[in-house]
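K.L.:
Here you go, this is query_23.csv (CSV, C-alpha atoms).
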chain,number,residue,atom,x,y,z
A,103,MET,CA,78.4,99.1,88.5
A,104,TYR,CA,81.4,97.1,89.5
A,105,ASP,CA,84.8,98.8,89.3
A,106,THR,CA,87.4,98.2,86.7
A,107,VAL,CA,89.0,95.5,88.7
A,108,GLN,CA,85.8,93.5,88.8
A,109,ALA,CA,85.4,93.9,85.0
A,110,GLU,CA,88.9,92.7,84.4
A,111,VAL,CA,88.4,89.7,86.7
A,112,ARG,CA,85.3,88.7,84.9
A,113,GLN,CA,87.1,88.9,81.5
A,114,VAL,CA,89.9,86.8,82.7
A,115,ASN,CA,87.8,84.2,84.5
A,116,ARG,CA,85.5,83.7,81.5
A,117,ALA,CA,88.5,82.9,79.4
A,118,SER,CA,89.8,80.4,81.9
A,119,ASP,CA,88.8,76.9,82.8
A,120,PRO,CA,86.2,77.2,85.6
A,121,ARG,CA,87.9,74.6,87.7
A,122,GLY,CA,90.2,77.3,88.9
A,123,CYS,CA,93.4,77.3,90.8
A,124,ASP,CA,94.8,74.0,91.8
A,125,ASP,CA,92.9,71.8,89.3
A,126,LEU,CA,94.8,73.1,86.3
A,127,PRO,CA,98.3,72.3,85.2
A,128,PRO,CA,100.7,75.3,85.0
A,129,ARG,CA,100.8,76.8,81.5
A,130,THR,CA,102.6,79.7,80.0
A,131,ARG,CA,100.6,82.3,78.1
A,132,ARG,CA,101.5,85.1,75.9
A,133,TYR,CA,100.2,88.5,77.1
A,134,ASP,CA,100.7,92.1,76.5
A,135,ALA,CA,101.1,94.4,79.5
A,136,ALA,CA,97.3,94.9,80.0
A,137,GLY,CA,96.7,91.1,79.5
A,138,THR,CA,99.4,90.2,82.1
A,139,ARG,CA,97.9,92.6,84.6
A,140,SER,CA,94.4,91.3,84.0
A,141,ALA,CA,95.6,87.7,84.3
A,142,LEU,CA,97.3,88.4,87.6
A,143,LEU,CA,94.2,90.2,88.9
A,144,GLY,CA,92.0,87.2,88.0
A,145,ALA,CA,94.3,84.7,89.5
A,146,ALA,CA,94.8,86.7,92.6
A,147,ALA,CA,91.1,87.3,93.1
A,148,LEU,CA,90.5,83.5,93.0
A,149,ARG,CA,93.4,82.7,95.3
A,150,PHE,CA,92.6,85.4,97.9
A,151,ALA,CA,88.9,84.6,97.9
A,152,ARG,CA,89.5,80.8,98.4
A,153,TYR,CA,92.4,80.8,100.7
A,154,GLY,CA,92.8,84.3,102.2
A,155,TYR,CA,95.8,86.5,102.2
A,156,ASP,CA,98.2,84.5,104.3
A,157,ARG,CA,97.7,81.2,102.4
A,158,SER,CA,98.0,82.8,98.9
A,159,SER,CA,101.6,83.0,97.7
A,160,VAL,CA,102.9,85.3,95.0
A,161,ARG,CA,104.4,82.2,93.3
A,162,ASP,CA,101.0,80.4,93.2
A,163,ILE,CA,99.2,83.4,91.9
A,164,ALA,CA,101.7,83.8,89.1
A,165,LYS,CA,101.6,80.1,88.3
A,166,ASP,CA,97.8,80.3,88.0
A,167,ALA,CA,98.1,83.3,85.7
A,168,GLY,CA,100.8,81.5,83.6
A,169,VAL,CA,103.4,84.2,84.1
A,170,ASP,CA,106.7,84.6,86.0
A,171,ALA,CA,106.3,85.6,89.7
A,172,ALA,CA,108.6,88.6,89.1
A,173,LEU,CA,105.7,90.2,87.1
A,174,VAL,CA,103.6,90.5,90.3
A,175,TYR,CA,106.2,93.0,91.6
A,176,ARG,CA,106.6,94.7,88.3
A,177,TYR,CA,102.9,95.5,87.9
A,178,PHE,CA,101.8,95.8,91.5
A,179,GLY,CA,104.9,96.3,93.6
A,180,SER,CA,104.0,93.9,96.3
A,181,LYS,CA,101.6,91.1,97.3
A,182,GLU,CA,99.8,93.5,99.6
A,183,ALA,CA,99.2,96.0,96.8
A,184,LEU,CA,97.8,93.2,94.6
A,185,PHE,CA,95.5,92.2,97.4
A,186,ASP,CA,94.3,95.8,97.7
A,187,ALA,CA,93.7,95.9,93.9
A,188,VAL,CA,91.4,92.9,93.9
A,189,SER,CA,89.6,93.4,97.3
A,190,THR,CA,88.7,97.0,97.0
A,191,SER,CA,84.9,97.5,96.9
A,192,THR,CA,84.5,101.3,96.8
A,193,GLY,CA,84.0,101.3,93.0
A,194,LEU,CA,80.8,99.4,93.5
A,195,PHE,CA,79.4,102.2,95.6
A,196,GLU,CA,80.3,105.1,93.3
A,197,PRO,CA,76.8,105.6,91.9
A,198,LEU,CA,75.6,106.4,95.4
A,199,CYS,CA,77.4,109.8,95.0
A,200,HIS,CA,75.0,111.0,92.4
A,201,LEU,CA,72.0,108.8,92.0
A,202,PRO,CA,68.6,110.4,92.9
A,203,LEU,CA,67.6,109.0,96.3
A,204,ASP,CA,64.3,107.6,94.9
A,205,GLU,CA,66.4,105.5,92.5
A,206,VAL,CA,68.7,103.9,95.1
A,207,SER,CA,66.4,100.9,95.8
A,208,ALA,CA,66.2,100.0,92.1
A,209,TRP,CA,69.9,100.4,91.7
A,210,ILE,CA,70.6,98.0,94.6
A,211,CYS,CA,68.2,95.6,93.0
A,212,GLU,CA,70.1,95.9,89.7
A,213,VAL,CA,73.4,95.3,91.5
A,214,VAL,CA,72.3,92.1,93.2
A,215,SER,CA,70.6,90.9,90.0
A,216,MET,CA,73.2,91.8,87.4
A,217,GLY,CA,76.4,91.6,89.3
A,218,PRO,CA,78.9,88.8,88.6
A,219,THR,CA,78.6,85.5,90.5
A,220,GLU,CA,81.3,84.2,92.8
A,221,GLU,CA,82.6,82.0,90.0
A,222,GLU,CA,83.0,85.0,87.7
A,223,ALA,CA,84.4,87.5,90.1
A,224,PRO,CA,84.9,86.7,93.8
A,225,HIS,CA,83.0,89.1,96.0
A,226,PRO,CA,85.4,91.8,97.5
A,227,LEU,CA,83.8,91.5,100.9
A,228,LEU,CA,84.2,87.8,101.0
A,229,THR,CA,87.8,88.2,100.0
A,230,LYS,CA,88.4,90.5,102.9
A,231,LEU,CA,86.6,88.3,105.4
A,232,ARG,CA,88.7,85.3,104.4
A,233,SER,CA,91.7,87.3,105.2
A,234,SER,CA,90.3,88.6,108.4
A,235,SER,CA,93.3,87.4,110.4
A,236,ARG,CA,95.0,90.6,109.0
A,237,GLU,CA,93.5,93.3,111.3
A,238,GLU,CA,94.4,96.0,108.8
A,239,THR,CA,92.2,94.4,106.2
A,240,VAL,CA,89.1,94.6,108.4
A,241,GLY,CA,90.2,98.1,109.4
A,242,ARG,CA,90.4,99.0,105.7
A,243,LEU,CA,86.9,97.7,105.2
A,244,ARG,CA,85.7,99.8,108.1
A,245,GLU,CA,87.3,102.9,106.5
A,246,GLU,CA,85.6,102.2,103.2
A,247,VAL,CA,82.2,102.0,104.9
A,248,THR,CA,82.9,105.1,106.9
A,249,GLU,CA,84.1,107.1,103.9
A,250,VAL,CA,81.4,106.0,101.5
A,251,PHE,CA,78.4,105.7,103.8
A,252,SER,CA,78.9,107.2,107.3
A,253,GLN,CA,80.3,110.4,105.8
A,254,GLY,CA,79.7,110.6,102.0
A,255,PHE,CA,76.2,109.2,101.6
A,256,ALA,CA,75.0,110.4,105.0
A,257,ARG,CA,75.5,114.0,103.8
A,258,ARG,CA,72.8,113.4,101.2
A,259,LEU,CA,70.2,112.4,103.8
A,260,GLU,CA,68.0,114.9,105.5
A,261,GLY,CA,66.7,114.5,109.0
A,262,GLU,CA,67.9,112.7,112.2
A,263,ASP,CA,70.3,109.7,112.4
A,264,ALA,CA,71.6,110.2,108.9
A,265,GLU,CA,74.8,108.3,109.6
A,266,LEU,CA,73.0,105.3,111.1
A,267,ARG,CA,70.6,105.2,108.2
A,268,ALA,CA,73.5,105.4,105.7
A,269,GLU,CA,75.2,102.5,107.5
A,270,LEU,CA,72.0,100.5,107.5
A,271,LEU,CA,71.9,101.0,103.8
A,272,ALA,CA,75.4,99.6,103.6
A,273,ALA,CA,74.3,96.6,105.6
A,274,TRP,CA,71.5,96.0,103.1
A,275,LEU,CA,73.7,96.4,100.1
A,276,MET,CA,76.7,94.3,101.3
A,277,GLY,CA,74.6,91.6,103.0
A,278,ILE,CA,72.3,91.1,100.0
A,279,THR,CA,75.0,91.0,97.4
A,280,LEU,CA,77.0,88.6,99.5
A,281,LEU,CA,74.1,86.2,100.1
A,282,ARG,CA,72.7,86.3,96.6
A,283,LEU,CA,75.9,86.5,94.5
A,284,ALA,CA,78.5,84.8,96.6
A,285,ILE,CA,76.9,82.5,99.0
A,286,ARG,CA,73.8,81.8,96.8
A,287,SER,CA,71.3,81.4,99.6
A,288,PRO,CA,68.4,79.6,98.1
A,289,ALA,CA,65.5,82.0,98.5
A,290,LEU,CA,67.5,85.1,97.5
A,291,ALA,CA,69.1,83.4,94.5
A,292,ALA,CA,65.7,82.2,93.2
A,293,THR,CA,63.6,85.3,93.8
A,294,PRO,CA,62.5,87.2,90.7
A,295,ASP,CA,63.7,90.7,90.3
A,296,ASP,CA,60.3,92.3,90.7
A,297,THR,CA,59.6,90.5,93.9
A,298,LEU,CA,63.1,91.4,95.2
A,299,LEU,CA,62.6,95.0,94.3
A,300,ARG,CA,59.3,95.2,96.2
A,301,PHE,CA,60.9,94.0,99.4
A,302,LEU,CA,64.0,96.1,98.9
A,303,ARG,CA,61.8,99.2,98.6
A,304,ALA,CA,60.0,98.3,101.8
A,305,GLY,CA,63.3,98.1,103.7
A,306,ILE,CA,65.4,100.8,102.0
A,307,ASP,CA,63.0,103.6,101.2
A,308,PRO,CA,62.3,104.5,104.8
A,309,LEU,CA,66.0,104.9,105.4
A,310,LEU,CA,66.1,107.5,102.6
A,311,ASP,CA,63.1,109.4,103.7
A,312,ALA,CA,63.7,111.7,106.7
A,313,GLU,CA,60.1,111.5,107.8
A,314,CYS,CA,59.5,107.8,107.6
A,315,PRO,CA,61.1,106.4,110.7
A,316,GLY,CA,59.3,108.8,113.1
A,317,ARG,CA,56.0,108.7,111.2
A,318,GLY,CA,55.7,104.9,111.6
A,319,SER,CA,55.7,105.1,115.4
A,320,GLU,CA,53.3,108.1,115.6
A,321,ASP,CA,50.7,106.4,113.4
A,322,ARG,CA,50.4,103.3,115.7
Mind converting the file's structure to C-alpha coordinates?
P.N.:
Amino acid sequence: MYDTVQAEVRQVNRASDPRGCDDLPPRTRRYDAAGTRSALLGAAALRFARYGYDRSSVRDIAKDAGVDAALVYRYFGSKEALFDAVSTSTGLFEPLCHLPLDEVSAWICEVVSMGPTEEEAPHPLLTKLRSSSREETVGRLREEVTEVFSQGFARRLEGEDAELRAELLAAWLMGITLLRLAIRSPALAATPDDTLLRFLRAGIDPLLDAECPGRGSEDR
(Lines of atoms letter the chains of each structure in order from A and count residues from 1; the text may use other names and numbers.)
(Lines give C-alpha, C1' and ligand atoms only; values in the text may rest on other atoms or scores of the structure.)
Protein backbone atom coordinates (compact mmCIF):
# COMPACT_ATOMS: atom_id res chain seq x y z
CA MET A 1 0.00 0.00 0.00
CA TYR A 2 2.55 2.48 1.07
CA ASP A 3 5.14 3.51 -1.45
CA THR A 4 8.76 2.40 -1.59
CA VAL A 5 9.87 5.28 0.58
CA GLN A 6 7.54 4.24 3.39
CA ALA A 7 8.83 0.66 3.18
CA GLU A 8 12.40 1.86 3.38
CA VAL A 9 11.60 4.11 6.32
CA ARG A 10 9.96 1.25 8.21
CA GLN A 11 12.98 -0.97 7.58
CA VAL A 12 15.43 1.62 8.85
CA ASN A 13 13.36 2.61 11.87
CA ARG A 14 12.84 -0.97 13.00
CA ALA A 15 16.61 -1.42 13.05
CA SER A 16 17.13 1.79 15.00
CA ASP A 17 16.70 2.66 18.65
CA PRO A 18 13.10 3.90 19.04
CA ARG A 19 14.21 6.93 21.05
CA GLY A 20 14.92 8.61 17.72
CA CYS A 21 16.85 11.73 16.79
CA ASP A 22 18.35 13.67 19.63
CA ASP A 23 18.37 10.98 22.29
CA LEU A 24 21.08 8.95 20.57
CA PRO A 25 24.80 9.65 20.42
CA PRO A 26 26.24 10.01 16.93
CA ARG A 27 27.58 6.78 15.52
CA THR A 28 29.19 5.80 12.28
CA ARG A 29 27.70 2.90 10.37
CA ARG A 30 28.89 0.90 7.39
CA TYR A 31 26.40 0.96 4.52
CA ASP A 32 26.26 0.06 0.88
CA ALA A 33 24.65 2.57 -1.46
CA ALA A 34 21.11 1.27 -0.89
CA GLY A 35 21.66 1.13 2.86
CA THR A 36 22.97 4.69 2.94
CA ARG A 37 20.00 5.98 0.99
CA SER A 38 17.57 4.11 3.25
CA ALA A 39 19.30 5.38 6.39
CA LEU A 40 19.05 8.95 5.16
CA LEU A 41 15.38 8.50 4.28
CA GLY A 42 14.63 7.12 7.73
CA ALA A 43 16.53 9.86 9.54
CA ALA A 44 15.01 12.59 7.36
CA ALA A 45 11.48 11.25 7.84
CA LEU A 46 11.86 11.49 11.61
CA ARG A 47 13.49 14.93 11.54
CA PHE A 48 11.02 16.49 9.12
CA ALA A 49 8.02 14.97 10.92
CA ARG A 50 9.18 16.19 14.34
CA TYR A 51 10.65 19.57 13.52
CA GLY A 52 9.42 20.52 10.06
CA TYR A 53 11.53 21.50 7.08
CA ASP A 54 13.08 24.72 8.34
CA ARG A 55 14.32 23.34 11.67
CA SER A 56 15.80 20.17 10.16
CA SER A 57 19.36 20.60 8.93
CA VAL A 58 21.24 18.41 6.50
CA ARG A 59 23.99 18.05 9.10
CA ASP A 60 21.56 16.74 11.74
CA ILE A 61 19.90 14.33 9.32
CA ALA A 62 23.26 12.91 8.30
CA LYS A 63 24.32 12.67 11.95
CA ASP A 64 21.18 10.70 12.82
CA ALA A 65 21.88 8.35 9.91
CA GLY A 66 25.52 7.94 10.93
CA VAL A 67 26.92 9.16 7.62
CA ASP A 68 28.69 12.22 6.26
CA ALA A 69 26.48 15.19 5.32
CA ALA A 70 27.96 15.22 1.83
CA LEU A 71 26.10 11.98 1.12
CA VAL A 72 22.76 13.80 1.35
CA TYR A 73 23.76 15.79 -1.73
CA ARG A 74 25.26 12.74 -3.41
CA TYR A 75 22.11 10.66 -3.15
CA PHE A 76 19.39 13.32 -3.26
CA GLY A 77 20.97 16.48 -4.66
CA SER A 78 19.50 18.85 -2.09
CA LYS A 79 17.64 19.08 1.20
CA GLU A 80 14.47 19.96 -0.70
CA ALA A 81 14.74 16.84 -2.86
CA LEU A 82 15.22 14.73 0.27
CA PHE A 83 12.13 16.33 1.80
CA ASP A 84 10.15 15.54 -1.35
CA ALA A 85 11.30 11.92 -1.19
CA VAL A 86 10.07 11.34 2.36
CA SER A 87 6.91 13.47 2.28
CA THR A 88 5.33 12.31 -0.96
CA SER A 89 2.05 10.49 -0.42
CA THR A 90 0.91 9.66 -3.95
CA GLY A 91 2.22 6.10 -3.69
CA LEU A 92 -0.35 5.43 -1.00
CA PHE A 93 -3.17 6.24 -3.41
CA GLU A 94 -1.98 4.16 -6.39
CA PRO A 95 -4.48 1.30 -5.87
CA LEU A 96 -7.33 3.75 -6.43
CA CYS A 97 -6.36 3.77 -10.11
CA HIS A 98 -7.46 0.18 -10.63
CA LEU A 99 -9.38 -1.16 -7.61
CA PRO A 100 -13.03 -2.04 -8.32
CA LEU A 101 -15.15 0.68 -6.73
CA ASP A 102 -16.98 -1.80 -4.50
CA GLU A 103 -13.61 -2.73 -2.92
CA VAL A 104 -12.49 0.82 -2.08
CA SER A 105 -14.04 0.90 1.41
CA ALA A 106 -12.36 -2.38 2.36
CA TRP A 107 -9.05 -1.12 0.95
CA ILE A 108 -9.21 2.07 3.02
CA CYS A 109 -9.99 -0.04 6.09
CA GLU A 110 -6.91 -2.15 5.34
CA VAL A 111 -4.74 0.95 4.92
CA VAL A 112 -5.76 2.40 8.28
CA SER A 113 -5.49 -1.00 9.99
CA MET A 114 -2.25 -2.32 8.50
CA GLY A 115 -0.34 0.88 7.75
CA PRO A 116 2.77 1.75 9.77
CA THR A 117 2.40 3.72 12.99
CA GLU A 118 3.92 7.17 13.43
CA GLU A 119 6.85 5.58 15.26
CA GLU A 120 7.56 3.23 12.35
CA ALA A 121 7.10 5.70 9.49
CA PRO A 122 5.95 9.30 10.02
CA HIS A 123 2.73 10.07 8.18
CA PRO A 124 3.53 12.00 4.97
CA LEU A 125 0.62 14.37 5.55
CA LEU A 126 1.84 15.18 9.06
CA THR A 127 5.33 15.81 7.71
CA LYS A 128 3.88 18.30 5.24
CA LEU A 129 1.75 20.06 7.83
CA ARG A 130 4.68 20.51 10.18
CA SER A 131 6.45 22.27 7.35
CA SER A 132 3.44 24.36 6.39
CA SER A 133 5.40 27.59 6.69
CA ARG A 134 6.71 26.66 3.25
CA GLU A 135 3.80 27.62 1.01
CA GLU A 136 5.08 25.47 -1.81
CA THR A 137 4.75 22.39 0.42
CA VAL A 138 1.05 22.99 1.01
CA GLY A 139 0.69 23.79 -2.69
CA ARG A 140 2.32 20.48 -3.57
CA LEU A 141 -0.11 18.63 -1.34
CA ARG A 142 -2.99 20.39 -3.08
CA GLU A 143 -1.54 19.34 -6.43
CA GLU A 144 -1.36 15.71 -5.27
CA VAL A 145 -4.99 15.74 -4.16
CA THR A 146 -6.02 17.38 -7.42
CA GLU A 147 -4.08 14.94 -9.57
CA VAL A 148 -5.07 11.76 -7.75
CA PHE A 149 -8.62 12.53 -6.64
CA SER A 150 -10.14 15.62 -8.30
CA GLN A 151 -8.93 14.47 -11.73
CA GLY A 152 -7.83 10.83 -11.67
CA PHE A 153 -10.32 9.14 -9.34
CA ALA A 154 -13.17 11.47 -10.29
CA ARG A 155 -12.98 10.10 -13.86
CA ARG A 156 -13.94 6.70 -12.49
CA LEU A 157 -17.11 7.99 -10.84
CA GLU A 158 -20.41 8.24 -12.70
CA GLY A 159 -23.08 10.81 -12.02
CA GLU A 160 -23.03 14.38 -10.73
CA ASP A 161 -20.46 16.05 -8.47
CA ALA A 162 -17.79 13.49 -9.28
CA GLU A 163 -14.93 15.82 -8.31
CA LEU A 164 -16.55 16.72 -5.00
CA ARG A 165 -17.23 13.08 -4.18
CA ALA A 166 -13.63 12.18 -5.04
CA GLU A 167 -12.27 14.92 -2.77
CA LEU A 168 -14.58 13.81 0.04
CA LEU A 169 -13.07 10.34 -0.34
CA ALA A 170 -9.64 11.96 -0.01
CA ALA A 171 -10.81 13.64 3.19
CA TRP A 172 -11.93 10.30 4.61
CA LEU A 173 -8.70 8.56 3.66
CA MET A 174 -6.29 11.26 4.81
CA GLY A 175 -8.21 12.18 7.92
CA ILE A 176 -8.72 8.65 9.17
CA THR A 177 -5.16 7.50 8.52
CA LEU A 178 -3.83 10.64 10.21
CA LEU A 179 -6.04 10.25 13.29
CA ARG A 180 -5.64 6.49 13.67
CA LEU A 181 -1.99 5.93 12.73
CA ALA A 182 -0.26 9.21 13.57
CA ILE A 183 -2.33 11.01 16.20
CA ARG A 184 -3.71 7.77 17.68
CA SER A 185 -7.07 9.24 18.68
CA PRO A 186 -8.47 6.82 21.32
CA ALA A 187 -11.70 5.60 19.72
CA LEU A 188 -10.27 5.14 16.22
CA ALA A 189 -7.12 3.48 17.54
CA ALA A 190 -9.10 1.00 19.62
CA THR A 191 -11.92 0.18 17.19
CA PRO A 192 -11.89 -3.39 15.79
CA ASP A 193 -11.44 -3.66 12.05
CA ASP A 194 -14.91 -5.11 11.40
CA THR A 195 -16.60 -2.24 13.25
CA LEU A 196 -14.42 0.31 11.48
CA LEU A 197 -15.26 -1.22 8.10
CA ARG A 198 -18.98 -1.02 8.84
CA PHE A 199 -18.81 2.71 9.47
CA LEU A 200 -16.44 3.29 6.57
CA ARG A 201 -18.86 1.62 4.18
CA ALA A 202 -21.72 3.76 5.49
CA GLY A 203 -19.76 6.93 4.74
CA ILE A 204 -17.79 5.98 1.65
CA ASP A 205 -20.08 3.77 -0.42
CA PRO A 206 -22.60 6.59 -1.10
CA LEU A 207 -19.73 8.66 -2.53
CA LEU A 208 -18.96 5.89 -5.02
CA ASP A 209 -22.56 5.23 -6.06
CA ALA A 210 -23.87 7.85 -8.48
CA GLU A 211 -27.48 7.28 -7.37
CA CYS A 212 -27.04 7.30 -3.58
CA PRO A 213 -26.76 11.04 -2.79
CA GLY A 214 -29.93 11.99 -4.64
CA ARG A 215 -31.86 8.92 -3.62
CA GLY A 216 -31.47 9.67 0.08
CA SER A 217 -33.29 13.02 -0.14
CA GLU A 218 -36.09 11.66 -2.36
CA ASP A 219 -36.92 8.82 0.01
CA ARG A 220 -37.53 11.14 3.00
K.L.:
Report, in Å with one decimal, the straight-line distance from atom CA of A:Lys181 to atom CA of A:Ser159.
P.N.:
8.1 Å
K.L.:
If I take atom CA of A:Cys211 and atom CA of A:Arg149, how far is one from the other in Å, to one decimal?
P.N.:
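The value is 28.4 Å.
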K.L.:
If we count only C-alpha atoms and set the cut-off at 8 Å, which residues sit around A:Leu271, ignoring sequence neighbours fewer than 3 positions away in its own chain? Please answer as a VMD selection string.
P.N.:
chain A and resid 267 to 268 274 to 275 306 309
K.L.:
To one decimal place, how far is atom CA of A:Ala256 from atom CA of A:Val188 in Å?
P.N.:
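Between atom CA of A:Ala256 and atom CA of A:Val188 the gap is 26.4 Å.
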K.L.:
Could you check which of A:Ala272, A:Leu259, A:Leu299, A:Leu227 is closest to A:Ile285, using all atoms listed in the file?
P.N.:
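Distance minimum relative to A:Ile285 lands on A:Leu227.
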K.L.:
Could you list, as a PDB file with C-alpha atoms, in the coordinates of the input, every residue within 12 Å of stretch 262-264 of chain A, counting all atoms listed in the file and ignoring same-chain residues fewer than 6 positions away?
P.N.:
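Writing the result to around_29.pdb gives the following:
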ATOM      1  CA  PHE A 251      78.400 105.700 103.800  1.00  0.00           C
ATOM      2  CA  SER A 252      78.900 107.200 107.300  1.00  0.00           C
ATOM      3  CA  GLN A 253      80.300 110.400 105.800  1.00  0.00           C
ATOM      4  CA  GLY A 254      79.700 110.600 102.000  1.00  0.00           C
ATOM      5  CA  PHE A 255      76.200 109.200 101.600  1.00  0.00           C
ATOM      6  CA  ALA A 256      75.000 110.400 105.000  1.00  0.00           C
ATOM      7  CA  LEU A 270      72.000 100.500 107.500  1.00  0.00           C
ATOM      8  CA  LEU A 271      71.900 101.000 103.800  1.00  0.00           C
ATOM      9  CA  PRO A 308      62.300 104.500 104.800  1.00  0.00           C
ATOM     10  CA  LEU A 309      66.000 104.900 105.400  1.00  0.00           C
ATOM     11  CA  LEU A 310      66.100 107.500 102.600  1.00  0.00           C
ATOM     12  CA  ASP A 311      63.100 109.400 103.700  1.00  0.00           C
ATOM     13  CA  ALA A 312      63.700 111.700 106.700  1.00  0.00           C
ATOM     14  CA  GLU A 313      60.100 111.500 107.800  1.00  0.00           C
ATOM     15  CA  CYS A 314      59.500 107.800 107.600  1.00  0.00           C
ATOM     16  CA  PRO A 315      61.100 106.400 110.700  1.00  0.00           C
ATOM     17  CA  GLY A 316      59.300 108.800 113.100  1.00  0.00           C
TER      18      GLY A 316
END
K.L.:
Which one of A:His200, A:Ala187, A:Thr138, A:Val213 sits closest to A:Asp170 if you count all atoms listed in the file?
P.N.:
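Of the candidates, the smallest distance to A:Asp170 is held by A:Thr138.
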K.L.:
Between A:Ser215, A:Ser180, A:Ser140, A:Ser189, which one has atoms that come closest to A:Thr293, using all atoms listed in the file?
P.N.:
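Under the stated criterion, the closest residue is A:Ser215.
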K.L.:
Padding of 8 Å on every side, edges along x, y and z, all listed atoms of stretch 206-217 of chain A included: what centre and edge lengths in Å, to one decimal, does that box have, as AutoDock Vina command-line options?
P.N.:
--center_x 71.3 --center_y 97.4 --center_z 91.6 --size_x 26.2 --size_y 29.0 --size_z 24.4
K.L.:
Can you work out which one of A:Phe195, A:Ala136, A:Leu201, A:Phe150 has the shortest atom-to-atom distance to A:Arg258, counting all atoms listed in the file?
P.N.:
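Closest candidate: A:Leu201.
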K.L.:
Which residue is closest to A:Ala172? Choose from A:Val160, A:Val240, A:Leu184, A:Asp295 and count all atoms listed in the file.
P.N.:
A:Val160
K.L.:
With only C-alpha atoms as the basis for distance, which of A:Leu198, A:Ile163, A:Asp296, A:Asp156 is at the shortest distance from A:Gly144?
P.N.:
A:Ile163
